[in-house]
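Data block below; observations after.
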Amino acid sequence: MAKKISPDAIRRKMSADLLELAQVLTSGMYGVIVNPDVLKSSANTITRQTKGSTWAYKISGLLLRVDVPQSTQPVNCPGPLTIEVGLSLGGDFESEEDQLTDLILDILIRSSCGTHLCAWHFDRHIEGGNAPLEAHPLYHFQHGGNAMLPFAGLLGNSLLLPAPRLAFPPMDAVLAIDFVLSNFSGECWSFMRKQPTYLRLIRESQKLLWKPYLQRLANWWDTPQKEERKKAISLMPHLA
């Protein structure tokens, strides 16, 4: 029987991974990520502020600078764009299927002069209470959100709704940064995907978070047990 790895050892590995991520981003980002060193303070919180079977960390104010994408509206939006990434993440090692207990990811995109703002919010739905009538995947994206409230009187003919909530697999720091690069800086994303350390971190995070997520979805068709189907539909309420 394989020896069980202690929570402290796992936390140290998570901390080391964040430090490795900061290093590889520093060495190969060509100025796209402005301040990768903020990941170092996040790494320290894992080992210093969590205990038992739990873990948690936060990333505040990670900044990227990217070119204005084609077909952006308004057409004269001044660039480069500044993207601010904030992530709050927590989990429990004792959970075998989904060790995440908390996840909030905010992506704020601003024009160079700060007059135009776009926001995306991704989180793990807080379960309990009355179930919503609308589709509410456990892990989901929303466009707009509270970050747009200060701009409510400046939207012109635009209409921002709290729906749809778009299902997406859970993300940690590695996957969140990779997601932002893949959507807003394709050239840099392609470059980073050729870096062995970066690619290893991506694969490890996907195996830890995406593999159980996708297996739970597949159980909708592969496993007739009611409890397994209930887990699948929590991730994708549209299943029938």
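In the structure tokens, the first chain shown is A, the next is B, and so on; residue numbers restart at 1 for each chain, and ligands run from 1 in the order shown.
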
(message) Neighbouring residues of segment 54-57 of chain A were defined as those with any atom within 9 Å, considering only C-alpha atoms; residues of the same chain fewer than 3 positions away were excluded. Please report them as a count of residues only.
(response) 20

Sorted per-residue table, segment 50-126 of chain A near segment 158-167 of chain A, closest atoms and distance, 12 Å, only C-alpha atoms, as a tab-separated table:
```
residue	atom	partner	partner_atom	distance
A:Gln73	CA	A:Ser158	CA	11.5
A:Cys118	CA	A:Leu160	CA	11.1
A:Ala119	CA	A:Leu160	CA	10.9
A:Trp120	CA	A:Arg165	CA	10.9
A:His121	CA	A:Arg165	CA	9.8
A:Phe122	CA	A:Leu166	CA	9.0
A:Asp123	CA	A:Ala167	CA	10.0
A:Arg124	CA	A:Ala167	CA	10.3
A:His125	CA	A:Arg165	CA	10.5
```

Find the residues around Leu18 of chain A up to 12 Å (only C-alpha atoms counted), leave out those fewer than 6 positions away in its own chain, and share them as a PDB file with N, CA, C and O atoms, in the first residue's frame.
```
ATOM      1  N   ARG A  11       0.759  20.782   1.098  1.00  0.00           N
ATOM      2  CA  ARG A  11       0.774  22.252   1.132  1.00  0.00           C
ATOM      3  C   ARG A  11       2.126  22.801   0.667  1.00  0.00           C
ATOM      4  O   ARG A  11       2.183  23.802  -0.051  1.00  0.00           O
ATOM      5  N   ARG A  12       3.200  22.155   1.097  1.00  0.00           N
ATOM      6  CA  ARG A  12       4.530  22.603   0.655  1.00  0.00           C
ATOM      7  C   ARG A  12       4.672  22.464  -0.855  1.00  0.00           C
ATOM      8  O   ARG A  12       5.284  23.314  -1.515  1.00  0.00           O
ATOM      9  N   VAL A  24       8.656  31.066 -13.806  1.00  0.00           N
ATOM     10  CA  VAL A  24       8.546  30.838 -15.248  1.00  0.00           C
ATOM     11  C   VAL A  24       7.827  32.001 -15.931  1.00  0.00           C
ATOM     12  O   VAL A  24       8.145  32.356 -17.077  1.00  0.00           O
ATOM     13  N   LEU A  25       6.900  32.645 -15.230  1.00  0.00           N
ATOM     14  CA  LEU A  25       6.232  33.812 -15.809  1.00  0.00           C
ATOM     15  C   LEU A  25       7.177  34.993 -15.892  1.00  0.00           C
ATOM     16  O   LEU A  25       7.122  35.789 -16.840  1.00  0.00           O
ATOM     17  N   PRO A  36       4.455  39.270 -11.645  1.00  0.00           N
ATOM     18  CA  PRO A  36       4.311  37.873 -11.227  1.00  0.00           C
ATOM     19  C   PRO A  36       4.763  37.599  -9.803  1.00  0.00           C
ATOM     20  O   PRO A  36       4.399  36.564  -9.221  1.00  0.00           O
ATOM     21  N   ASP A  37       5.525  38.522  -9.209  1.00  0.00           N
ATOM     22  CA  ASP A  37       6.002  38.313  -7.843  1.00  0.00           C
ATOM     23  C   ASP A  37       4.884  38.275  -6.811  1.00  0.00           C
ATOM     24  O   ASP A  37       5.098  37.814  -5.682  1.00  0.00           O
ATOM     25  N   VAL A  38       3.669  38.758  -7.165  1.00  0.00           N
ATOM     26  CA  VAL A  38       2.572  38.685  -6.197  1.00  0.00           C
ATOM     27  C   VAL A  38       2.242  37.229  -5.866  1.00  0.00           C
ATOM     28  O   VAL A  38       1.666  36.938  -4.815  1.00  0.00           O
ATOM     29  N   LEU A  39       2.630  36.302  -6.757  1.00  0.00           N
ATOM     30  CA  LEU A  39       2.393  34.888  -6.497  1.00  0.00           C
ATOM     31  C   LEU A  39       3.240  34.377  -5.343  1.00  0.00           C
ATOM     32  O   LEU A  39       2.892  33.382  -4.698  1.00  0.00           O
ATOM     33  N   LYS A  40       4.357  35.042  -5.053  1.00  0.00           N
ATOM     34  CA  LYS A  40       5.228  34.599  -3.977  1.00  0.00           C
ATOM     35  C   LYS A  40       4.566  34.773  -2.612  1.00  0.00           C
ATOM     36  O   LYS A  40       4.669  33.899  -1.748  1.00  0.00           O
ATOM     37  N   SER A  41       3.893  35.891  -2.414  1.00  0.00           N
ATOM     38  CA  SER A  41       3.187  36.088  -1.143  1.00  0.00           C
ATOM     39  C   SER A  41       2.026  35.116  -1.021  1.00  0.00           C
ATOM     40  O   SER A  41       1.702  34.644   0.079  1.00  0.00           O
ATOM     41  N   SER A  42       1.392  34.773  -2.149  1.00  0.00           N
ATOM     42  CA  SER A  42       0.320  33.781  -2.130  1.00  0.00           C
ATOM     43  C   SER A  42       0.862  32.426  -1.708  1.00  0.00           C
ATOM     44  O   SER A  42       0.233  31.690  -0.946  1.00  0.00           O
ATOM     45  N   ALA A  43       2.051  32.078  -2.192  1.00  0.00           N
ATOM     46  CA  ALA A  43       2.671  30.802  -1.846  1.00  0.00           C
ATOM     47  C   ALA A  43       2.933  30.706  -0.352  1.00  0.00           C
ATOM     48  O   ALA A  43       2.755  29.648   0.264  1.00  0.00           O
ATOM     49  N   ASN A  44       3.336  31.810   0.251  1.00  0.00           N
ATOM     50  CA  ASN A  44       3.650  31.798   1.679  1.00  0.00           C
ATOM     51  C   ASN A  44       2.426  31.555   2.543  1.00  0.00           C
ATOM     52  O   ASN A  44       2.520  30.932   3.606  1.00  0.00           O
ATOM     53  N   THR A  45       1.255  32.034   2.101  1.00  0.00           N
ATOM     54  CA  THR A  45       0.062  31.887   2.931  1.00  0.00           C
ATOM     55  C   THR A  45      -0.382  30.434   3.040  1.00  0.00           C
ATOM     56  O   THR A  45      -0.991  30.049   4.037  1.00  0.00           O
ATOM     57  N   ILE A  46      -0.084  29.610   2.040  1.00  0.00           N
ATOM     58  CA  ILE A  46      -0.516  28.209   2.080  1.00  0.00           C
ATOM     59  C   ILE A  46       0.100  27.484   3.254  1.00  0.00           C
ATOM     60  O   ILE A  46      -0.572  26.727   3.970  1.00  0.00           O
ATOM     61  N   THR A  47       1.394  27.701   3.495  1.00  0.00           N
ATOM     62  CA  THR A  47       2.093  26.980   4.551  1.00  0.00           C
ATOM     63  C   THR A  47       2.004  27.676   5.905  1.00  0.00           C
ATOM     64  O   THR A  47       2.171  27.040   6.939  1.00  0.00           O
ATOM     65  N   TYR A  57      -5.430  30.041  -0.359  1.00  0.00           N
ATOM     66  CA  TYR A  57      -4.548  31.148  -0.704  1.00  0.00           C
ATOM     67  C   TYR A  57      -5.335  32.165  -1.521  1.00  0.00           C
ATOM     68  O   TYR A  57      -6.411  31.866  -2.063  1.00  0.00           O
ATOM     69  N   LYS A  58      -4.793  33.376  -1.596  1.00  0.00           N
ATOM     70  CA  LYS A  58      -5.395  34.442  -2.380  1.00  0.00           C
ATOM     71  C   LYS A  58      -4.338  35.080  -3.266  1.00  0.00           C
ATOM     72  O   LYS A  58      -3.163  35.142  -2.909  1.00  0.00           O
ATOM     73  N   ILE A  59      -4.790  35.525  -4.420  1.00  0.00           N
ATOM     74  CA  ILE A  59      -3.957  36.320  -5.315  1.00  0.00           C
ATOM     75  C   ILE A  59      -4.676  37.653  -5.527  1.00  0.00           C
ATOM     76  O   ILE A  59      -5.828  37.671  -5.959  1.00  0.00           O
ATOM     77  N   ASP A 172      -7.433  26.761 -10.525  1.00  0.00           N
ATOM     78  CA  ASP A 172      -6.541  27.297  -9.517  1.00  0.00           C
ATOM     79  C   ASP A 172      -5.736  28.425 -10.151  1.00  0.00           C
ATOM     80  O   ASP A 172      -6.077  28.907 -11.240  1.00  0.00           O
ATOM     81  N   ALA A 173      -4.660  28.865  -9.492  1.00  0.00           N
ATOM     82  CA  ALA A 173      -3.875  29.976 -10.024  1.00  0.00           C
ATOM     83  C   ALA A 173      -3.290  29.645 -11.388  1.00  0.00           C
ATOM     84  O   ALA A 173      -3.311  30.479 -12.312  1.00  0.00           O
ATOM     85  N   VAL A 174      -2.768  28.442 -11.546  1.00  0.00           N
ATOM     86  CA  VAL A 174      -2.147  28.041 -12.802  1.00  0.00           C
ATOM     87  C   VAL A 174      -3.162  28.075 -13.939  1.00  0.00           C
ATOM     88  O   VAL A 174      -2.920  28.666 -15.004  1.00  0.00           O
ATOM     89  N   LEU A 175      -4.302  27.448 -13.716  1.00  0.00           N
ATOM     90  CA  LEU A 175      -5.312  27.351 -14.770  1.00  0.00           C
ATOM     91  C   LEU A 175      -5.980  28.695 -15.039  1.00  0.00           C
ATOM     92  O   LEU A 175      -6.373  28.981 -16.174  1.00  0.00           O
ATOM     93  N   ILE A 177      -4.547  31.722 -14.804  1.00  0.00           N
ATOM     94  CA  ILE A 177      -3.625  32.511 -15.611  1.00  0.00           C
ATOM     95  C   ILE A 177      -3.591  31.983 -17.040  1.00  0.00           C
ATOM     96  O   ILE A 177      -3.594  32.754 -18.010  1.00  0.00           O
ATOM     97  N   THR A 197       8.317  23.715 -17.678  1.00  0.00           N
ATOM     98  CA  THR A 197       7.811  23.902 -16.311  1.00  0.00           C
ATOM     99  C   THR A 197       6.360  24.342 -16.337  1.00  0.00           C
ATOM    100  O   THR A 197       5.523  23.830 -15.581  1.00  0.00           O
ATOM    101  N   TYR A 198       6.051  25.300 -17.194  1.00  0.00           N
ATOM    102  CA  TYR A 198       4.677  25.800 -17.301  1.00  0.00           C
ATOM    103  C   TYR A 198       3.732  24.681 -17.734  1.00  0.00           C
ATOM    104  O   TYR A 198       2.660  24.497 -17.157  1.00  0.00           O
ATOM    105  N   LEU A 201       3.049  22.232 -14.880  1.00  0.00           N
ATOM    106  CA  LEU A 201       2.122  22.781 -13.895  1.00  0.00           C
ATOM    107  C   LEU A 201       0.683  22.729 -14.409  1.00  0.00           C
ATOM    108  O   LEU A 201      -0.248  22.422 -13.652  1.00  0.00           O
ATOM    109  N   ILE A 202       0.501  23.049 -15.691  1.00  0.00           N
ATOM    110  CA  ILE A 202      -0.834  22.977 -16.292  1.00  0.00           C
ATOM    111  C   ILE A 202      -1.377  21.561 -16.216  1.00  0.00           C
ATOM    112  O   ILE A 202      -2.523  21.321 -15.804  1.00  0.00           O
ATOM    113  N   SER A 205      -2.345  20.517 -12.607  1.00  0.00           N
ATOM    114  CA  SER A 205      -3.580  21.163 -12.145  1.00  0.00           C
ATOM    115  C   SER A 205      -4.802  20.591 -12.854  1.00  0.00           C
ATOM    116  O   SER A 205      -5.853  20.402 -12.247  1.00  0.00           O
TER     117      SER A 205
END
```

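In this model, the gap between atom CA of Asn146 of chain A and atom CA of Leu81 of chain A comes to 20.2 Å.
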
(request) Within segment 4-232 of chain A, find each residue whose DSSP state, derived from the backbone, is strand (DSSP E), and express the selection as a ChimeraX atom specification. (result) /A:54-66,81-92,100-110,117-124,139-143,166-167

Based on the selection just made, write C-alpha atoms of those residues as a compact mmCIF listing (two decimals), in the first residue's frame.
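The new file result-v7.txt reads:
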```
# COMPACT_ATOMS: atom_id res chain seq x y z
CA THR A 54 -7.49 22.43 4.74
CA TRP A 55 -5.62 24.82 2.48
CA ALA A 56 -6.24 28.28 1.07
CA TYR A 57 -4.55 31.15 -0.70
CA LYS A 58 -5.39 34.44 -2.38
CA ILE A 59 -3.96 36.32 -5.31
CA SER A 60 -4.63 40.05 -5.33
CA GLY A 61 -3.84 42.51 -8.08
CA LEU A 62 -2.04 40.30 -10.59
CA LEU A 63 -1.73 42.60 -13.62
CA LEU A 64 -1.38 41.84 -17.33
CA ARG A 65 -0.99 44.24 -20.25
CA VAL A 66 -2.36 43.09 -23.58
CA LEU A 81 -5.60 46.94 -21.99
CA THR A 82 -4.83 46.23 -18.34
CA ILE A 83 -6.22 42.98 -16.97
CA GLU A 84 -6.41 42.58 -13.20
CA VAL A 85 -6.79 39.04 -11.87
CA GLY A 86 -7.99 38.33 -8.33
CA LEU A 87 -8.36 34.79 -7.03
CA SER A 88 -9.52 33.39 -3.68
CA LEU A 89 -9.21 29.63 -3.38
CA GLY A 90 -9.66 27.09 -0.60
CA GLY A 91 -10.07 23.36 -0.22
CA ASP A 92 -9.92 20.24 1.90
CA LEU A 100 -12.36 22.71 -3.52
CA THR A 101 -14.60 24.37 -0.95
CA ASP A 102 -14.24 28.01 -2.05
CA LEU A 103 -13.40 29.61 -5.38
CA ILE A 104 -13.81 33.21 -6.52
CA LEU A 105 -12.06 34.50 -9.63
CA ASP A 106 -12.48 38.09 -10.82
CA ILE A 107 -11.13 39.32 -14.15
CA LEU A 108 -11.28 43.10 -14.67
CA ILE A 109 -10.28 44.51 -18.06
CA ARG A 110 -9.65 48.26 -18.35
CA LEU A 117 -14.26 48.50 -18.15
CA CYS A 118 -15.20 44.88 -18.81
CA ALA A 119 -15.58 42.32 -16.05
CA TRP A 120 -15.93 38.56 -15.74
CA HIS A 121 -16.67 36.68 -12.52
CA PHE A 122 -16.14 32.95 -11.93
CA ASP A 123 -17.01 31.14 -8.74
CA ARG A 124 -18.07 28.01 -6.95
CA TYR A 139 -18.74 26.23 -11.19
CA HIS A 140 -19.76 29.01 -13.54
CA PHE A 141 -18.77 32.24 -15.30
CA GLN A 142 -20.83 35.42 -15.36
CA HIS A 143 -20.21 38.56 -17.39
CA LEU A 166 -21.74 29.48 -18.07
CA ALA A 167 -20.46 26.16 -16.75
```

(request) Could you check which of A:Glu134, A:Asp222, A:Glu204, A:Asp178 is closest to Lys13 of chain A, using only C-alpha atoms? (result) A:Glu204

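Minimum distance to Pro80 of chain A across A:Pro169, A:Ser185, A:His136, A:Leu155 (counting only C-alpha atoms) occurs at A:Ser185.
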
(message) List as a ChimeraX atom specification the protein and nucleic acid residues near Ser27 of chain A, meaning an atom at most 12 Å away when only C-alpha atoms are counted, but skip any in the same chain fewer than 2 places from it.
(response) /A:20-25,29-37,191-192,195,197-198

Using DSSP assignments from the backbone, pull out every residue in segment 69-223 of chain A that falls under alpha helix (DSSP H) and give it to me as an mmCIF file with N, CA, C and O atoms, in the first residue's frame.
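For reference, selection02.cif as written:
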```cif
data_model
loop_
_atom_site.group_PDB
_atom_site.id
_atom_site.type_symbol
_atom_site.label_atom_id
_atom_site.label_comp_id
_atom_site.auth_asym_id
_atom_site.auth_seq_id
_atom_site.Cartn_x
_atom_site.Cartn_y
_atom_site.Cartn_z
ATOM 1 N N ALA A 173 -4.660 28.865 -9.492
ATOM 2 C CA ALA A 173 -3.875 29.976 -10.024
ATOM 3 C C ALA A 173 -3.290 29.645 -11.388
ATOM 4 O O ALA A 173 -3.311 30.479 -12.312
ATOM 5 N N VAL A 174 -2.768 28.442 -11.546
ATOM 6 C CA VAL A 174 -2.147 28.041 -12.802
ATOM 7 C C VAL A 174 -3.162 28.075 -13.939
ATOM 8 O O VAL A 174 -2.920 28.666 -15.004
ATOM 9 N N LEU A 175 -4.302 27.448 -13.716
ATOM 10 C CA LEU A 175 -5.312 27.351 -14.770
ATOM 11 C C LEU A 175 -5.980 28.695 -15.039
ATOM 12 O O LEU A 175 -6.373 28.981 -16.174
ATOM 13 N N ALA A 176 -6.125 29.522 -14.006
ATOM 14 C CA ALA A 176 -6.735 30.837 -14.200
ATOM 15 C C ALA A 176 -5.848 31.721 -15.069
ATOM 16 O O ALA A 176 -6.330 32.403 -15.987
ATOM 17 N N ILE A 177 -4.547 31.722 -14.804
ATOM 18 C CA ILE A 177 -3.625 32.511 -15.611
ATOM 19 C C ILE A 177 -3.591 31.983 -17.040
ATOM 20 O O ILE A 177 -3.594 32.754 -18.010
ATOM 21 N N ASP A 178 -3.577 30.662 -17.191
ATOM 22 C CA ASP A 178 -3.584 30.075 -18.520
ATOM 23 C C ASP A 178 -4.861 30.436 -19.267
ATOM 24 O O ASP A 178 -4.833 30.704 -20.479
ATOM 25 N N PHE A 179 -5.992 30.480 -18.555
ATOM 26 C CA PHE A 179 -7.267 30.852 -19.175
ATOM 27 C C PHE A 179 -7.212 32.292 -19.690
ATOM 28 O O PHE A 179 -7.634 32.578 -20.818
ATOM 29 N N VAL A 180 -6.691 33.203 -18.881
ATOM 30 C CA VAL A 180 -6.621 34.607 -19.290
ATOM 31 C C VAL A 180 -5.699 34.769 -20.490
ATOM 32 O O VAL A 180 -6.039 35.454 -21.466
ATOM 33 N N LEU A 181 -4.536 34.127 -20.450
ATOM 34 C CA LEU A 181 -3.616 34.222 -21.582
ATOM 35 C C LEU A 181 -4.236 33.659 -22.852
ATOM 36 O O LEU A 181 -4.090 34.225 -23.939
ATOM 37 N N SER A 182 -4.938 32.535 -22.733
ATOM 38 C CA SER A 182 -5.508 31.888 -23.910
ATOM 39 C C SER A 182 -6.565 32.743 -24.584
ATOM 40 O O SER A 182 -6.805 32.602 -25.788
ATOM 41 N N ASN A 183 -7.181 33.639 -23.843
ATOM 42 C CA ASN A 183 -8.262 34.463 -24.396
ATOM 43 C C ASN A 183 -7.833 35.889 -24.740
ATOM 44 O O ASN A 183 -8.493 36.540 -25.558
ATOM 45 N N PHE A 184 -6.750 36.373 -24.129
ATOM 46 C CA PHE A 184 -6.395 37.779 -24.317
ATOM 47 C C PHE A 184 -4.977 38.007 -24.836
ATOM 48 O O PHE A 184 -4.641 39.140 -25.193
ATOM 49 N N GLY A 186 -2.890 35.524 -27.175
ATOM 50 C CA GLY A 186 -2.636 34.247 -27.820
ATOM 51 C C GLY A 186 -1.169 33.998 -28.120
ATOM 52 O O GLY A 186 -0.678 32.872 -27.978
ATOM 53 N N GLU A 187 -0.431 35.026 -28.517
ATOM 54 C CA GLU A 187 0.980 34.846 -28.839
ATOM 55 C C GLU A 187 1.772 34.442 -27.597
ATOM 56 O O GLU A 187 2.603 33.521 -27.635
ATOM 57 N N CYS A 188 1.495 35.115 -26.500
ATOM 58 C CA CYS A 188 2.180 34.797 -25.243
ATOM 59 C C CYS A 188 1.760 33.417 -24.755
ATOM 60 O O CYS A 188 2.579 32.649 -24.240
ATOM 61 N N TRP A 189 0.485 33.095 -24.894
ATOM 62 C CA TRP A 189 -0.020 31.785 -24.473
ATOM 63 C C TRP A 189 0.688 30.674 -25.237
ATOM 64 O O TRP A 189 1.111 29.671 -24.653
ATOM 65 N N SER A 190 0.849 30.853 -26.537
ATOM 66 C CA SER A 190 1.540 29.864 -27.351
ATOM 67 C C SER A 190 2.988 29.703 -26.902
ATOM 68 O O SER A 190 3.518 28.575 -26.818
ATOM 69 N N PHE A 191 3.641 30.816 -26.590
ATOM 70 C CA PHE A 191 5.020 30.765 -26.112
ATOM 71 C C PHE A 191 5.112 30.015 -24.782
ATOM 72 O O PHE A 191 5.982 29.149 -24.596
ATOM 73 N N MET A 192 4.222 30.333 -23.847
ATOM 74 C CA MET A 192 4.283 29.714 -22.522
ATOM 75 C C MET A 192 4.016 28.219 -22.602
ATOM 76 O O MET A 192 4.591 27.432 -21.846
ATOM 77 N N PRO A 196 8.634 23.863 -20.560
ATOM 78 C CA PRO A 196 8.395 22.595 -19.854
ATOM 79 C C PRO A 196 7.810 22.763 -18.459
ATOM 80 O O PRO A 196 6.889 22.029 -18.079
ATOM 81 N N THR A 197 8.317 23.715 -17.678
ATOM 82 C CA THR A 197 7.811 23.902 -16.311
ATOM 83 C C THR A 197 6.360 24.342 -16.337
ATOM 84 O O THR A 197 5.523 23.830 -15.581
ATOM 85 N N TYR A 198 6.051 25.300 -17.194
ATOM 86 C CA TYR A 198 4.677 25.800 -17.301
ATOM 87 C C TYR A 198 3.732 24.681 -17.734
ATOM 88 O O TYR A 198 2.660 24.497 -17.157
ATOM 89 N N LEU A 199 4.145 23.908 -18.721
ATOM 90 C CA LEU A 199 3.307 22.829 -19.226
ATOM 91 C C LEU A 199 3.087 21.753 -18.160
ATOM 92 O O LEU A 199 1.979 21.215 -18.031
ATOM 93 N N ARG A 200 4.114 21.456 -17.377
ATOM 94 C CA ARG A 200 3.965 20.473 -16.297
ATOM 95 C C ARG A 200 2.961 20.961 -15.256
ATOM 96 O O ARG A 200 2.105 20.190 -14.788
ATOM 97 N N LEU A 201 3.049 22.232 -14.880
ATOM 98 C CA LEU A 201 2.122 22.781 -13.895
ATOM 99 C C LEU A 201 0.683 22.729 -14.409
ATOM 100 O O LEU A 201 -0.248 22.422 -13.652
ATOM 101 N N ILE A 202 0.501 23.049 -15.691
ATOM 102 C CA ILE A 202 -0.834 22.977 -16.292
ATOM 103 C C ILE A 202 -1.377 21.561 -16.216
ATOM 104 O O ILE A 202 -2.523 21.321 -15.804
ATOM 105 N N ARG A 203 -0.570 20.586 -16.598
ATOM 106 C CA ARG A 203 -1.022 19.197 -16.615
ATOM 107 C C ARG A 203 -1.359 18.700 -15.216
ATOM 108 O O ARG A 203 -2.347 17.984 -15.019
ATOM 109 N N GLU A 204 -0.551 19.073 -14.227
ATOM 110 C CA GLU A 204 -0.814 18.636 -12.858
ATOM 111 C C GLU A 204 -2.120 19.236 -12.329
ATOM 112 O O GLU A 204 -2.914 18.552 -11.678
ATOM 113 N N SER A 205 -2.345 20.517 -12.607
ATOM 114 C CA SER A 205 -3.580 21.163 -12.145
ATOM 115 C C SER A 205 -4.802 20.591 -12.854
ATOM 116 O O SER A 205 -5.853 20.402 -12.247
ATOM 117 N N LYS A 211 -9.901 16.437 -14.154
ATOM 118 C CA LYS A 211 -10.206 15.021 -14.319
ATOM 119 C C LYS A 211 -11.418 14.597 -13.497
ATOM 120 O O LYS A 211 -12.362 14.003 -14.040
ATOM 121 N N PRO A 212 -11.488 14.886 -12.165
ATOM 122 C CA PRO A 212 -12.683 14.494 -11.413
ATOM 123 C C PRO A 212 -13.942 15.226 -11.870
ATOM 124 O O PRO A 212 -15.037 14.665 -11.850
ATOM 125 N N TYR A 213 -13.786 16.487 -12.309
ATOM 126 C CA TYR A 213 -14.928 17.255 -12.818
ATOM 127 C C TYR A 213 -15.524 16.564 -14.037
ATOM 128 O O TYR A 213 -16.746 16.342 -14.123
ATOM 129 N N LEU A 214 -14.673 16.197 -14.996
ATOM 130 C CA LEU A 214 -15.156 15.566 -16.221
ATOM 131 C C LEU A 214 -15.657 14.146 -15.970
ATOM 132 O O LEU A 214 -16.609 13.691 -16.619
ATOM 133 N N GLN A 215 -15.045 13.452 -15.020
ATOM 134 C CA GLN A 215 -15.526 12.114 -14.687
ATOM 135 C C GLN A 215 -16.910 12.166 -14.065
ATOM 136 O O GLN A 215 -17.752 11.300 -14.332
ATOM 137 N N ARG A 216 -17.153 13.181 -13.246
ATOM 138 C CA ARG A 216 -18.489 13.321 -12.644
ATOM 139 C C ARG A 216 -19.542 13.610 -13.710
ATOM 140 O O ARG A 216 -20.669 13.118 -13.639
ATOM 141 N N LEU A 217 -19.164 14.394 -14.719
ATOM 142 C CA LEU A 217 -20.092 14.635 -15.817
ATOM 143 C C LEU A 217 -20.353 13.354 -16.605
ATOM 144 O O LEU A 217 -21.494 13.041 -16.954
ATOM 145 N N ALA A 218 -19.294 12.602 -16.883
ATOM 146 C CA ALA A 218 -19.445 11.367 -17.661
ATOM 147 C C ALA A 218 -20.296 10.343 -16.927
ATOM 148 O O ALA A 218 -20.966 9.507 -17.562
ATOM 149 N N ASN A 219 -20.303 10.407 -15.598
ATOM 150 C CA ASN A 219 -21.098 9.451 -14.816
ATOM 151 C C ASN A 219 -22.594 9.586 -15.073
ATOM 152 O O ASN A 219 -23.363 8.676 -14.747
ATOM 153 N N TRP A 220 -22.998 10.714 -15.634
ATOM 154 C CA TRP A 220 -24.416 10.881 -15.968
ATOM 155 C C TRP A 220 -24.872 9.781 -16.931
ATOM 156 O O TRP A 220 -25.981 9.274 -16.842
ATOM 157 N N TRP A 221 -23.986 9.409 -17.845
ATOM 158 C CA TRP A 221 -24.301 8.372 -18.825
ATOM 159 C C TRP A 221 -23.761 6.994 -18.419
ATOM 160 O O TRP A 221 -24.350 5.978 -18.747
ATOM 161 N N ASP A 222 -22.660 6.986 -17.692
ATOM 162 C CA ASP A 222 -21.973 5.729 -17.424
ATOM 163 C C ASP A 222 -22.380 5.053 -16.121
ATOM 164 O O ASP A 222 -22.131 3.865 -15.938
#
```

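Between Ala131 of chain A and the candidates A:Thr223, A:Thr115, A:Ser234, A:Ser15, the tightest atom-to-atom separation, counting only C-alpha atoms, involves A:Ser234.
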
(request) May I ask for the distance between atom CA of Pro170 of chain A and atom CA of Leu208 of chain A, given in Å to one decimal place? (result) 10.0 Å

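Comparing the minimum interatomic distances between Asp67 of chain A and each of A:Leu138, A:Ile10, A:Ser53, A:Ser111, counting only C-alpha atoms, we find that A:Ser111 sits nearest.
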